[in-house]
Amino acid sequence: MAKNVTKDLTSGSPTGLVAGFMLPLWGGMLFQQFYNMVDTMIVGKYLGVNALAGVGSTGAINFLVLGFCIGICSGFVIPVAQKFGEGNLPELRRYVANGAFLSAFFALVITVVTTLLCGDILRWMKAPADTFSYAHDYIFIIFLGIPVLILYNYLSGIIRSLGDSRTPIYFLIFSSLLNILLDLLSVTVLGMGVEGPAWATVISQGVSGLLCLAIMPRRYPLLRFAPGERKPDWGRMRHSAGIGIPMGLQYSITAIGSVVVQTAANGLGTVYLAALAAGGKVGQLFACFFDAAGTTMAVYGGQNYGAMKLERLRPGVRACSLLAICYSLAVLLVTILWGDRMALLFMDSATAPALQSQVAALAREFLLWNSGAYTLLAFVNILRFMIQGLGFTRQAIFAGVFEMVARCFAGFVAVRSFGYAAICAANPLAWLLADLFLFPAYFHDLRRLRRQLEREHPCPAQRDMVG
């Protein structure tokens, strides 16, 4: 059965493998993003503009904390992908077990710290008084759900490391539908405020994680542990942490810039916050493709690195880049034609028409800036995750630093002169600076790996057998 659900990405056409792995993964991420969007849509339509602005104002801190959680989980499974490509299954299982110990530790620590500091964080970000209670009630519950977020992302990451990008989709479809039902039930029937959609998100993520946990031993026999393979091993934990923590920090460093931009946006007023909340949710839906591209490159790079088939890395990157460029152009066209209408999905029909038009126009402006630069975002994800899949995770932190610098400039400096336009331009500028670092870093790492292969296998015939 394992042969039917796992996939070896080290042989066959790179284009077909990349597309076959990425497209189902993209579908799963769309569903995951979809039920996050439903929260915002229901909040905006049933609870009003202030509630929408409050929930939207948590986006940056949400990214800062949850991005770190997702990043460490992505890093903990990279050794799993590498050992799968190498064919060393006992070692693969040991890394799975020790990654689980690390995940549980970080889940506990991060949950305690963020829930205790939740209110202080929002005050540091200068959350407006008329939206503060909405923001606090929503993000506090989201932080309480960090353990189930880590559970799902770690287990689904293991599944994807084995080459199976389809199975997590089925769980996400089910949990997405559950989330929608719980959203509507909590707000329209139980009369809850923003805490209703927050609990709906946490419960849905928990269901996805538990489904992964229940099915993995039966669906993937190679994950059935032999005696002694579950034992904690500090060496393996250090190795996994050495990959996972830099990946988490890369997300968080990037998010620091987003926090600065959000803090600057908080000073513009409720209308701008509502527009950024609506435009940001649509933008996150569009960006799922690039997240899928990045995850694909991490798994593809990890497996081929484990098998030392270095000649397959560049064709994989080219194939993924071509798909991403075509998608970017299509999204730009959609935004030009229907950007304002998509923003109206998040507005209460009872809201004054003039206010609706203003929010929709501002959201469309934000989307146009971002969709026009999606090719830059594509390369950020493709190159950064490929570098991480090859084990050079610390380099990816520098790309995050470049993004942080760009967003800090927009938030601290440019917004004073250009206002909302600076907020809109923050992401494109961040992606451009990150690419300026990632392109030379990627080619440098390929040369470095080639030299390593030549040292380990000086005979050309040996290199041909390995790569």
# chains A, B, ... in the order shown; residues from 1 in each chain; ligands from 1
>>> residues_around(residues="segment 190-197 of chain A", least_positions_apart="6", cutoff="10 Å", atoms="only C-alpha atoms", output="PyMOL selection string")
chain A and resi 35-36+38-40+42-44+46-47+51-52+54-55+133-142+179-180+182-184+203
>>> write_last_selection(atoms="N, CA and C atoms", output="tab-separated table (two decimals), in the first residue's frame")
chain	number	residue	atom	x	y	z
A	35	TYR	N	-10.93	28.22	4.59
A	35	TYR	CA	-11.66	28.31	5.84
A	35	TYR	C	-11.14	29.44	6.73
A	36	ASN	N	-9.90	29.90	6.48
A	36	ASN	CA	-9.46	31.13	7.15
A	36	ASN	C	-10.20	32.35	6.59
A	38	VAL	N	-13.21	32.29	5.35
A	38	VAL	CA	-14.59	32.24	5.80
A	38	VAL	C	-14.74	32.94	7.14
A	39	ASP	N	-13.76	32.78	8.03
A	39	ASP	CA	-13.79	33.51	9.29
A	39	ASP	C	-13.97	35.00	9.05
A	40	THR	N	-13.11	35.52	8.18
A	40	THR	CA	-13.13	36.96	7.92
A	40	THR	C	-14.41	37.39	7.24
A	42	ILE	N	-17.42	36.00	7.41
A	42	ILE	CA	-18.54	35.95	8.35
A	42	ILE	C	-18.43	37.08	9.37
A	43	VAL	N	-17.22	37.36	9.83
A	43	VAL	CA	-17.02	38.47	10.76
A	43	VAL	C	-17.45	39.78	10.11
A	44	GLY	N	-17.02	40.02	8.86
A	44	GLY	CA	-17.36	41.27	8.19
A	44	GLY	C	-18.85	41.40	7.91
A	46	TYR	N	-21.49	39.69	9.36
A	46	TYR	CA	-22.43	39.57	10.48
A	46	TYR	C	-22.06	40.43	11.69
A	47	LEU	N	-20.80	40.78	11.84
A	47	LEU	CA	-20.37	41.50	13.04
A	47	LEU	C	-19.93	42.93	12.75
A	51	ALA	N	-15.36	44.94	13.70
A	51	ALA	CA	-14.92	43.58	13.98
A	51	ALA	C	-14.00	43.07	12.87
A	52	LEU	N	-14.35	43.39	11.61
A	52	LEU	CA	-13.50	43.00	10.48
A	52	LEU	C	-12.12	43.63	10.61
A	54	GLY	N	-10.70	44.65	13.37
A	54	GLY	CA	-10.01	44.06	14.52
A	54	GLY	C	-9.37	42.73	14.19
A	55	VAL	N	-10.13	41.85	13.53
A	55	VAL	CA	-9.59	40.56	13.13
A	55	VAL	C	-8.45	40.75	12.13
A	133	SER	N	-10.75	45.11	21.44
A	133	SER	CA	-11.39	43.94	22.06
A	133	SER	C	-11.63	42.84	21.03
A	134	TYR	N	-11.99	43.23	19.81
A	134	TYR	CA	-12.19	42.23	18.75
A	134	TYR	C	-10.88	41.51	18.45
A	135	ALA	N	-9.81	42.30	18.31
A	135	ALA	CA	-8.50	41.72	18.00
A	135	ALA	C	-8.04	40.77	19.11
A	136	HIS	N	-8.20	41.20	20.35
A	136	HIS	CA	-7.74	40.39	21.48
A	136	HIS	C	-8.52	39.09	21.58
A	137	ASP	N	-9.85	39.17	21.51
A	137	ASP	CA	-10.68	37.97	21.65
A	137	ASP	C	-10.37	36.95	20.57
A	138	TYR	N	-10.09	37.44	19.37
A	138	TYR	CA	-9.83	36.53	18.25
A	138	TYR	C	-8.45	35.88	18.36
A	139	ILE	N	-7.42	36.69	18.54
A	139	ILE	CA	-6.06	36.16	18.47
A	139	ILE	C	-5.73	35.33	19.70
A	140	PHE	N	-6.34	35.62	20.87
A	140	PHE	CA	-6.09	34.84	22.06
A	140	PHE	C	-6.50	33.38	21.85
A	141	ILE	N	-7.65	33.18	21.24
A	141	ILE	CA	-8.12	31.82	20.99
A	141	ILE	C	-7.26	31.13	19.93
A	142	ILE	N	-6.86	31.88	18.91
A	142	ILE	CA	-5.97	31.31	17.89
A	142	ILE	C	-4.67	30.84	18.53
A	179	ASN	N	-15.39	23.74	9.35
A	179	ASN	CA	-15.14	25.11	9.80
A	179	ASN	C	-16.26	26.05	9.39
A	180	ILE	N	-16.73	25.91	8.16
A	180	ILE	CA	-17.82	26.77	7.69
A	180	ILE	C	-19.07	26.55	8.53
A	182	LEU	N	-19.27	25.41	11.60
A	182	LEU	CA	-19.06	25.93	12.96
A	182	LEU	C	-19.06	27.46	12.98
A	183	ASP	N	-18.53	28.09	11.93
A	183	ASP	CA	-18.58	29.55	11.82
A	183	ASP	C	-20.02	30.04	11.88
A	184	LEU	N	-20.83	29.48	10.99
A	184	LEU	CA	-22.22	29.92	10.90
A	184	LEU	C	-23.00	29.59	12.18
A	203	ILE	N	-10.79	24.24	16.15
A	203	ILE	CA	-11.39	22.90	16.13
A	203	ILE	C	-11.15	22.22	14.79
>>> residues_around(residues="Phe412 of chain A", least_positions_apart="2", cutoff="12 Å", atoms="only C-alpha atoms", output="list in words")
Gly257, Ser258, Val259, Val260, Val261, Gln262, Thr263, Ala264, Ala265, Gly267, Met404, Val405, Ala406, Arg407, Cys408, Phe409, Ala410, Ala414, Val415, Arg416, Ser417, Phe418, Gly419, Ala422, Ile423 and Ala426 of chain A
>>> write_last_selection(atoms="C-alpha atoms", output="mmCIF file, in the first residue's frame")
data_model
loop_
_atom_site.group_PDB
_atom_site.id
_atom_site.type_symbol
_atom_site.label_atom_id
_atom_site.label_comp_id
_atom_site.auth_asym_id
_atom_site.auth_seq_id
_atom_site.Cartn_x
_atom_site.Cartn_y
_atom_site.Cartn_z
ATOM 1 C CA GLY A 257 8.569 43.697 9.050
ATOM 2 C CA SER A 258 4.895 42.847 8.616
ATOM 3 C CA VAL A 259 4.255 43.840 12.243
ATOM 4 C CA VAL A 260 5.927 47.201 11.599
ATOM 5 C CA VAL A 261 3.785 47.722 8.500
ATOM 6 C CA GLN A 262 0.640 46.707 10.408
ATOM 7 C CA THR A 263 1.525 49.105 13.225
ATOM 8 C CA ALA A 264 1.864 51.908 10.682
ATOM 9 C CA ALA A 265 -1.435 50.906 9.077
ATOM 10 C CA GLY A 267 -2.570 54.736 12.482
ATOM 11 C CA MET A 404 12.206 42.680 7.151
ATOM 12 C CA VAL A 405 14.400 45.655 6.214
ATOM 13 C CA ALA A 406 12.164 46.512 3.253
ATOM 14 C CA ARG A 407 8.965 46.361 5.302
ATOM 15 C CA CYS A 408 10.492 48.317 8.176
ATOM 16 C CA PHE A 409 11.480 51.027 5.734
ATOM 17 C CA ALA A 410 7.930 51.159 4.405
ATOM 18 C CA ALA A 414 7.809 55.711 3.550
ATOM 19 C CA VAL A 415 4.337 55.731 5.083
ATOM 20 C CA ARG A 416 4.965 59.231 6.458
ATOM 21 C CA SER A 417 5.395 60.593 2.938
ATOM 22 C CA PHE A 418 3.246 58.253 0.829
ATOM 23 C CA GLY A 419 0.642 56.989 3.287
ATOM 24 C CA ALA A 422 3.697 52.768 1.029
ATOM 25 C CA ILE A 423 1.725 50.037 2.790
ATOM 26 C CA ALA A 426 5.866 47.063 1.197
#
>>> closest_residue(among="A:Glu229, A:Asp435, A:Glu365, A:Glu86", to="Phe402 of chain A", atoms="only C-alpha atoms")
A:Asp435
>>> closest_residue(among="A:Val49, A:Ile150, A:Pro24, A:Ala129", to="Ile173 of chain A", atoms="only C-alpha atoms")
A:Pro24
>>> select_by_dssp(residues="segment 293-379 of chain A", states="alpha helix (DSSP H)", output="JSON, numbers by chain")
{"A": [293, 294, 295, 296, 297, 298, 299, 300, 301, 302, 303, 304, 305, 306, 313, 314, 315, 316, 317, 318, 319, 320, 321, 322, 323, 324, 325, 326, 327, 328, 329, 330, 331, 332, 333, 334, 335, 336, 337, 338, 339, 340, 341, 342, 343, 344, 353, 354, 355, 356, 357, 358, 359, 360, 361, 362, 363, 364, 365, 366, 367, 368, 369, 370, 371, 374, 375, 376, 377, 378, 379]}
>>> closest_residue(among="A:Cys288, A:Leu149, A:Leu368, A:Ala226", to="Gly67 of chain A", atoms="only C-alpha atoms")
A:Leu149
>>> atom_distance(atom1="atom CA of Phe101 of chain A", atom2="atom CA of Leu9 of chain A")
27.6 Å
>>> residues_around(residues="Ser321 of chain A", least_positions_apart="4", cutoff="9 Å", atoms="only C-alpha atoms", output="list of chain:residue names")
A:Ala293, A:Gly316, A:Val317, A:Ile325, A:Cys326, A:Thr375, A:Ala378, A:Phe379, A:Ile382
>>> closest_residue(among="A:Gly87, A:Met29, A:Gly71, A:Phe225", to="Met247 of chain A", atoms="only C-alpha atoms")
A:Gly71
>>> residues_around(residues="Cys212 of chain A", least_positions_apart="5", cutoff="8 Å", atoms="only C-alpha atoms", output="list in words")
Tyr152, Leu155, Ser156, Pro168 and Phe171 of chain A
>>> write_last_selection(atoms="all heavy atoms", output="PDB file, in the first residue's frame")
ATOM      1  N   TYR A 152      -0.977  19.303  13.208  1.00  0.00           N
ATOM      2  CA  TYR A 152      -1.325  19.091  11.802  1.00  0.00           C
ATOM      3  C   TYR A 152      -0.134  19.349  10.889  1.00  0.00           C
ATOM      4  O   TYR A 152       0.152  18.560   9.986  1.00  0.00           O
ATOM      5  CB  TYR A 152      -2.497  19.979  11.377  1.00  0.00           C
ATOM      6  CG  TYR A 152      -2.679  19.940   9.886  1.00  0.00           C
ATOM      7  CD1 TYR A 152      -3.221  18.812   9.274  1.00  0.00           C
ATOM      8  CD2 TYR A 152      -2.240  20.988   9.069  1.00  0.00           C
ATOM      9  CE1 TYR A 152      -3.328  18.728   7.903  1.00  0.00           C
ATOM     10  CE2 TYR A 152      -2.352  20.905   7.706  1.00  0.00           C
ATOM     11  CZ  TYR A 152      -2.900  19.782   7.120  1.00  0.00           C
ATOM     12  OH  TYR A 152      -2.999  19.693   5.764  1.00  0.00           O
ATOM     13  N   LEU A 155       2.589  16.518  11.132  1.00  0.00           N
ATOM     14  CA  LEU A 155       2.176  15.231  10.556  1.00  0.00           C
ATOM     15  C   LEU A 155       1.972  15.336   9.046  1.00  0.00           C
ATOM     16  O   LEU A 155       2.387  14.449   8.298  1.00  0.00           O
ATOM     17  CB  LEU A 155       0.893  14.752  11.236  1.00  0.00           C
ATOM     18  CG  LEU A 155       1.017  14.421  12.732  1.00  0.00           C
ATOM     19  CD1 LEU A 155      -0.312  13.930  13.280  1.00  0.00           C
ATOM     20  CD2 LEU A 155       2.115  13.398  12.988  1.00  0.00           C
ATOM     21  N   SER A 156       1.348  16.403   8.589  1.00  0.00           N
ATOM     22  CA  SER A 156       1.160  16.553   7.141  1.00  0.00           C
ATOM     23  C   SER A 156       2.497  16.764   6.444  1.00  0.00           C
ATOM     24  O   SER A 156       2.692  16.337   5.305  1.00  0.00           O
ATOM     25  CB  SER A 156       0.210  17.712   6.833  1.00  0.00           C
ATOM     26  OG  SER A 156       0.749  18.944   7.270  1.00  0.00           O
ATOM     27  N   PRO A 168      -3.245  14.752   2.563  1.00  0.00           N
ATOM     28  CA  PRO A 168      -3.661  15.871   3.419  1.00  0.00           C
ATOM     29  C   PRO A 168      -4.836  16.663   2.857  1.00  0.00           C
ATOM     30  O   PRO A 168      -5.562  17.313   3.615  1.00  0.00           O
ATOM     31  CB  PRO A 168      -2.398  16.732   3.503  1.00  0.00           C
ATOM     32  CG  PRO A 168      -1.279  15.785   3.269  1.00  0.00           C
ATOM     33  CD  PRO A 168      -1.798  14.814   2.253  1.00  0.00           C
ATOM     34  N   PHE A 171      -8.244  15.526   4.246  1.00  0.00           N
ATOM     35  CA  PHE A 171      -8.498  15.996   5.595  1.00  0.00           C
ATOM     36  C   PHE A 171      -8.895  17.472   5.590  1.00  0.00           C
ATOM     37  O   PHE A 171      -9.779  17.897   6.346  1.00  0.00           O
ATOM     38  CB  PHE A 171      -7.252  15.808   6.472  1.00  0.00           C
ATOM     39  CG  PHE A 171      -6.756  14.384   6.511  1.00  0.00           C
ATOM     40  CD1 PHE A 171      -5.404  14.114   6.616  1.00  0.00           C
ATOM     41  CD2 PHE A 171      -7.636  13.319   6.439  1.00  0.00           C
ATOM     42  CE1 PHE A 171      -4.934  12.813   6.658  1.00  0.00           C
ATOM     43  CE2 PHE A 171      -7.185  12.013   6.477  1.00  0.00           C
ATOM     44  CZ  PHE A 171      -5.831  11.757   6.585  1.00  0.00           C
TER      45      PHE A 171
END
>>> atom_distance(atom1="atom CA of Val109 of chain A", atom2="atom CA of Val80 of chain A")
24.0 Å
>>> closest_residue(among="A:Lys281, A:Arg312, A:Lys83, A:Arg219", to="Ser57 of chain A", atoms="only C-alpha atoms")
A:Lys281
>>> residues_around(residues="Leu102 of chain A", least_positions_apart="4", cutoff="8 Å", atoms="only C-alpha atoms", output="PyMOL selection string")
chain A and resi 98+106+237+241
>>> write_last_selection(atoms="C-alpha atoms", output="PDB file, in the first residue's frame")
ATOM      1  CA  ASN A  98      12.550  12.919  17.645  1.00  0.00           C
ATOM      2  CA  PHE A 106       7.698  24.003  21.175  1.00  0.00           C
ATOM      3  CA  MET A 237      17.007  16.410  17.941  1.00  0.00           C
ATOM      4  CA  ALA A 241      16.331  21.730  15.578  1.00  0.00           C
TER       5      ALA A 241
END
>>> residues_around(residues="Gln303 of chain A", least_positions_apart="3", cutoff="9 Å", atoms="only C-alpha atoms", output="list in words")
Asp8, Leu9, Thr10, Ile78, Val80, Ala81, Gln82, Lys83, Phe84, Gly85, Glu86, Ser161, Leu162, Gly163, Ala298, Val299, Tyr300, Gly306, Ala307, Met308, Lys309, Gly389 and Leu390 of chain A
>>> residues_around(residues="Val282 of chain A", least_positions_apart="2", cutoff="8 Å", atoms="only C-alpha atoms", output="ChimeraX atom specification")
/A:37,278-280,284-286,342-343,367
